[in-house]
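Below you'll find the structure, written out as structure tokens, and then a few comments.
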Amino acid sequence: MSAPEEVTQRLQHMRASIVERKQKLARHVEHREEPLPQDFAEQAVEMENDETMVALERELTAELKDIDLALARLQKGTYGSCVTCGEDIHPDRLKALPAASMCIRCASAA
Ligand SMILES: [Zn+2]
């Protein structure tokens with residue numbers, strides 16, 4: 001496994017980019033205080049976008065939470081162990097998903 005400092009840095013980078021995306025999304029949502037379009041078809045499209053944005057916002061919030069938890073585990077020295085079964089998470093998995101909290105077995109069972 002890569003050094004904890006390296007992982008911390010990577011996670012912090014990921015965190016910063018997610019925070020930035022969340023801020024952009026929030027700004028976009030704020031702009032939508034403007035009156036709804038008159039045309040119903042346009043309204044439907046707008047609503048669809050709302051749902052997409054809500055879903056995206058939820059996804060980013062979940063990612064952020066995972067990253068924060070991973071950073072907390074790094075500080076506690078429990079990073080890299082599965083939170084469910086306590087087994088080591090495969091290094092390849094951590095490389096692909098630095099915020100992973102579960103081993104592949106537990107993750108696929110969840
Ligand atoms: Zn596990």
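Identifiers for the structure tokens are assigned positionally: chains receive A, B, ... in sequence, residues are indexed from 1 per chain, and ligands are indexed from 1 in the order shown.
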Subject >> Protein and nucleic acid residues within 10 Å of ligand 1 (only C-alpha atoms and all ligand atoms) as number ranges by chain >> reply: A: 81-89, 101-110
Please produce a file of those selected residues containing C-alpha atoms, as a compact mmCIF listing (two decimals), in the first residue's frame.
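Result file is selection.txt:
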```txt
# COMPACT_ATOMS: atom_id res chain seq x y z
CA SER A 81 -9.08 -2.44 6.89
CA CYS A 82 -12.61 -3.39 6.02
CA VAL A 83 -15.04 -1.67 8.43
CA THR A 84 -17.32 -4.69 8.27
CA CYS A 85 -15.11 -7.76 8.60
CA GLY A 86 -11.77 -6.17 9.56
CA GLU A 87 -9.87 -7.89 6.76
CA ASP A 88 -7.34 -5.92 4.72
CA ILE A 89 -8.83 -4.24 1.69
CA SER A 101 -14.31 1.37 3.50
CA MET A 102 -15.13 -2.24 2.78
CA CYS A 103 -13.33 -5.15 1.18
CA ILE A 104 -14.67 -6.28 -2.16
CA ARG A 105 -16.54 -9.19 -0.56
CA CYS A 106 -18.40 -7.07 1.99
CA ALA A 107 -19.03 -4.33 -0.58
CA SER A 108 -20.64 -6.72 -3.00
CA ALA A 109 -22.67 -8.30 -0.20
CA ALA A 110 -23.92 -4.90 0.98
```
Test item: residues at most 12 Å from A:Val19, only C-alpha atoms, excluding those fewer than 2 positions along its chain, as a short mmCIF file (atom, residue, chain, number, x, y, z; two decimals) with N, CA and C atoms, in the first residue's frame:
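Final output, saved to part34.cif:
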```
data_model
loop_
_atom_site.label_atom_id
_atom_site.label_comp_id
_atom_site.auth_asym_id
_atom_site.auth_seq_id
_atom_site.Cartn_x
_atom_site.Cartn_y
_atom_site.Cartn_z
N GLN A 12 -7.50 14.28 -0.13
CA GLN A 12 -7.77 15.71 0.03
C GLN A 12 -7.99 16.40 -1.31
N HIS A 13 -7.26 15.93 -2.32
CA HIS A 13 -7.48 16.45 -3.68
C HIS A 13 -8.88 16.12 -4.16
N MET A 14 -9.26 14.86 -3.95
CA MET A 14 -10.59 14.42 -4.36
C MET A 14 -11.65 15.24 -3.64
N ARG A 15 -11.41 15.45 -2.34
CA ARG A 15 -12.36 16.20 -1.51
C ARG A 15 -12.53 17.62 -2.06
N ALA A 16 -11.41 18.26 -2.37
CA ALA A 16 -11.46 19.63 -2.87
C ALA A 16 -12.25 19.71 -4.17
N SER A 17 -12.06 18.74 -5.05
CA SER A 17 -12.75 18.81 -6.33
C SER A 17 -14.24 18.54 -6.15
N ARG A 21 -17.34 21.07 -7.03
CA ARG A 21 -18.50 20.67 -7.86
C ARG A 21 -19.81 20.95 -7.13
N LYS A 22 -19.80 20.72 -5.83
CA LYS A 22 -21.00 20.98 -5.02
C LYS A 22 -21.33 22.47 -5.03
N GLN A 23 -20.29 23.29 -4.94
CA GLN A 23 -20.52 24.74 -4.94
C GLN A 23 -21.08 25.20 -6.27
N LYS A 24 -20.53 24.65 -7.34
CA LYS A 24 -21.02 24.99 -8.68
C LYS A 24 -22.48 24.60 -8.82
N LEU A 25 -22.79 23.43 -8.34
CA LEU A 25 -24.15 22.91 -8.40
C LEU A 25 -25.09 23.81 -7.60
N ALA A 26 -24.66 24.21 -6.41
CA ALA A 26 -25.48 25.06 -5.55
C ALA A 26 -25.75 26.40 -6.24
N GLU A 57 -26.28 15.99 -6.47
CA GLU A 57 -25.94 16.59 -5.18
C GLU A 57 -25.84 15.50 -4.11
N GLU A 59 -25.22 12.34 -4.59
CA GLU A 59 -24.07 11.51 -4.91
C GLU A 59 -22.78 12.16 -4.39
N LEU A 60 -22.66 13.47 -4.64
CA LEU A 60 -21.47 14.19 -4.21
C LEU A 60 -21.38 14.22 -2.68
N THR A 61 -22.52 14.39 -2.02
CA THR A 61 -22.54 14.39 -0.56
C THR A 61 -22.09 13.05 -0.01
N ALA A 62 -22.54 11.97 -0.65
CA ALA A 62 -22.15 10.63 -0.21
C ALA A 62 -20.65 10.41 -0.43
N GLU A 63 -20.14 10.88 -1.57
CA GLU A 63 -18.71 10.74 -1.86
C GLU A 63 -17.87 11.49 -0.83
N LEU A 64 -18.36 12.68 -0.51
CA LEU A 64 -17.67 13.53 0.46
C LEU A 64 -17.61 12.85 1.82
N LYS A 65 -18.70 12.24 2.20
CA LYS A 65 -18.79 11.54 3.48
C LYS A 65 -17.81 10.37 3.50
N ILE A 67 -15.09 10.09 1.80
CA ILE A 67 -13.72 10.61 1.85
C ILE A 67 -13.38 11.06 3.27
N ASP A 68 -14.32 11.76 3.91
CA ASP A 68 -14.09 12.21 5.28
C ASP A 68 -13.88 11.02 6.22
#
```
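Here atom CA of A:Leu94 and atom CA of A:Gly80 stand 7.4 Å from one another.
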### Task
Extract, using only C-alpha atoms, all DNA, RNA and protein residues at most 10 Å from A:Val7, discarding same-chain residues fewer than 5 positions from it, and format them as a ChimeraX atom specification.
/A:1-2,12-13,70-71,74,79,94-95,98-99
Using only N, CA and C atoms, please write the residues we just selected to a file, as a PDB file, in the first residue's frame.
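The resulting file, part08.pdb, is shown below:
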```pdb
ATOM      1  N   MET A   1       0.847  -1.203   0.000  1.00  0.00           N
ATOM      2  CA  MET A   1       0.000   0.000   0.000  1.00  0.00           C
ATOM      3  C   MET A   1       0.874   1.241   0.000  1.00  0.00           C
ATOM      4  N   SER A   2       0.373   2.306  -0.637  1.00  0.00           N
ATOM      5  CA  SER A   2       1.139   3.544  -0.672  1.00  0.00           C
ATOM      6  C   SER A   2       1.153   4.189   0.712  1.00  0.00           C
ATOM      7  N   GLN A  12      -7.499  14.282  -0.129  1.00  0.00           N
ATOM      8  CA  GLN A  12      -7.767  15.709   0.026  1.00  0.00           C
ATOM      9  C   GLN A  12      -7.994  16.401  -1.315  1.00  0.00           C
ATOM     10  N   HIS A  13      -7.264  15.934  -2.320  1.00  0.00           N
ATOM     11  CA  HIS A  13      -7.475  16.454  -3.676  1.00  0.00           C
ATOM     12  C   HIS A  13      -8.884  16.125  -4.157  1.00  0.00           C
ATOM     13  N   ALA A  70     -12.732   8.096   5.328  1.00  0.00           N
ATOM     14  CA  ALA A  70     -11.433   7.509   4.992  1.00  0.00           C
ATOM     15  C   ALA A  70     -10.306   8.316   5.630  1.00  0.00           C
ATOM     16  N   LEU A  71     -10.436   9.648   5.596  1.00  0.00           N
ATOM     17  CA  LEU A  71      -9.422  10.507   6.214  1.00  0.00           C
ATOM     18  C   LEU A  71      -9.377  10.284   7.726  1.00  0.00           C
ATOM     19  N   LEU A  74      -7.577   7.125   8.339  1.00  0.00           N
ATOM     20  CA  LEU A  74      -6.136   7.325   8.154  1.00  0.00           C
ATOM     21  C   LEU A  74      -5.522   7.878   9.435  1.00  0.00           C
ATOM     22  N   TYR A  79      -7.057   2.799   8.432  1.00  0.00           N
ATOM     23  CA  TYR A  79      -7.285   2.858   6.988  1.00  0.00           C
ATOM     24  C   TYR A  79      -6.774   1.584   6.325  1.00  0.00           C
ATOM     25  N   LEU A  94      -8.006  -0.225  -3.210  1.00  0.00           N
ATOM     26  CA  LEU A  94      -7.740   1.084  -2.598  1.00  0.00           C
ATOM     27  C   LEU A  94      -7.153   2.064  -3.599  1.00  0.00           C
ATOM     28  N   LYS A  95      -6.414   1.521  -4.542  1.00  0.00           N
ATOM     29  CA  LYS A  95      -5.826   2.379  -5.562  1.00  0.00           C
ATOM     30  C   LYS A  95      -6.931   2.958  -6.442  1.00  0.00           C
ATOM     31  N   PRO A  98      -9.815   5.110  -3.359  1.00  0.00           N
ATOM     32  CA  PRO A  98      -9.090   5.398  -2.113  1.00  0.00           C
ATOM     33  C   PRO A  98     -10.012   5.565  -0.903  1.00  0.00           C
ATOM     34  N   ALA A  99     -11.294   5.879  -1.161  1.00  0.00           N
ATOM     35  CA  ALA A  99     -12.212   6.085  -0.042  1.00  0.00           C
ATOM     36  C   ALA A  99     -12.957   4.811   0.340  1.00  0.00           C
TER      37      ALA A  99
END
```
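For the pair atom CA of A:Leu69 and atom CA of A:Arg10, the separation is 14.0 Å.
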